[in-house]
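Encoded as structure tokens, the structure appears first; notes follow it.
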Amino acid sequence: MDRSTTVQADVTLTDPETGAPLLDGVPRQRGGSVTGSLPRATTAPAPDITGVPVAPRARARLRAVRPWRLFPTPTGTPFTFGYAAVLVVTSVIADHADPSVVHALHQGSSTDVAHLVQNPVLVLIASALWIAGGITSPYAIGFLLVLTALERRIGGLRTAGVFLLGHVVATLATEVPVGLSVLAGHLPDSSLHRLDYGISFGVAASIGALAGLLSPWLRWPVLTGFGAMLVGDLLTFADPMTDWGHLMSLAIGISTWPLVRRWRAARGASSTSRTAGREAVPEADHGTAAPCLGTTAP
């Protein structure tokens with residue numbers, strides 16, 4: 001037997017820091033325990049029934065409460081933000097320009113029968129650039145809140161499509177009967193030039209569409225409250241053609257539920273795949289992994 005090996009076998013190993021005897025390289029502990037000096041494992045939050053740790057879920061819910069998301073932003077909701085900026089400009093003009101000039105602009109943008117026959121596309125677009133009642137009207141406030149919420153769920157182009165669908169269809173559904181009634185002699189020729197402009201038809205359709213994306217406890221109060229308001233306006237008989245148009249616009253928005261729900265699902269799936277793609281890192285890019293806690297590198 002080699003002499004150096006024999007001498008090393010008879011030497012008692014000790015801890016270089018404390019001088020305590022070692023057992024197989026591990027310091028002896030009082031009571032015979034050999035695990036007291038091992039590093040403690042970090043305890044993770046216990047998962048709930050969904051398999052997601054409770055603490056991260058609570059933090060995620062707190063982060064989700066962001067009141068500023070109720071309003072449009074240039075990057076988050078570019079369609080609503082840009083459209084709102086245009087409406088602010090036209091509202092300032094309507095409030096501060098000469099009344100005769102404002103009346104001429106409104107008359108030229110009116111979606112009456114005469115204008116619809118002459119230049120339907122231009123007048124349908126121009127009529128949606130004004131807010132009847134001003135920037136502080138309920139429909140102006142509804143425009144900001146409803147279109148922002150809808151665009152965050154289905155995207156800008158689809159939100160514009162829902163808005164235009166309600167605006168165009170409800171306008172034609174209310175003005176075409178007027179033209180037919182004039183031809184039949186039931187209404188005077190002056191009805192061909194009735195003043196008709198604003199964003200209310202598009203907003204009503206957007207409210208109907210958004211309701212289909214809300215949870216039931218919020219969906220039905222929104223529809224009930226807004227529908228009751230429209231019925232109340234109709235019963236006052238102040239402007240029956242416009243009031244019927246609002247009810248039709250709301251029904252148009254409700255009819256888009258299957259479509260907007262598919263759009264939201266597709267948008268959510270696309271957002272999830274993009275997030276997963278950013279978080280996924282190829283295994284080759286990690287390099288050599290560092291030793292885990294409690295293990296010994298060779």
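Residue numbers start at 1 in each chain; chains themselves are named A, B, ... in the order of the structure tokens; ligands are numbered from 1 in the order shown.
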
Distance query stretch 228-239 of chain A at most 12 Å, only C-alpha atoms, self and fewer than 5 positions along chain excluded, as an MDAnalysis selection string | chainID A and resid 138 174 194:196 200:201 204 220:223 244:251

Considering only C-alpha atoms, return as a ChimeraX atom specification whatever protein or nucleic-acid residues lie within 10 Å of A:Leu145, sequence-local ones (same chain, fewer than 6 positions apart) excluded.
-> /A:69-72,80,139,207

Please, which residues of stretch 130-170 of chain A, numbered as in this document, come out helix (DSSP H, G or I) from DSSP, as a PyMOL selection string?
-> chain A and resi 138-154+156-170

Looking at A:Ala269, A:Ala126, A:Ala173, A:Ala97, which one is nearest to A:Thr111, with distances taken over only C-alpha atoms?
->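 Closest candidate: A:Ala126.
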
Measuring atom to atom with only C-alpha atoms, identify which of A:Ile154, A:Val92, A:Ala160, A:Val117 is nearest to A:Ala205.
->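 Distance minimum relative to A:Ala205 lands on A:Ala160.
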
Determine the nearest neighbour of A:Pro78 from the options A:Gly156, A:Gly179, A:Gly227, A:Pro99, counting only C-alpha atoms.
-> A:Gly156

Can you tell me how far atom CA of A:His115 sits from atom CA of A:Ser137, in Å to one decimal?
->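 So the two atoms, atom CA of A:His115 and atom CA of A:Ser137, lie 25.9 Å apart.
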
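Among the candidates A:Asp98, A:Glu151, A:Glu175, A:Asp189, the residue lying nearest to A:Arg264 is A:Glu151 (atoms considered: only C-alpha atoms).
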
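Going from atom CA of A:Ile254 over to atom CA of A:Leu144, you cover 19.4 Å.
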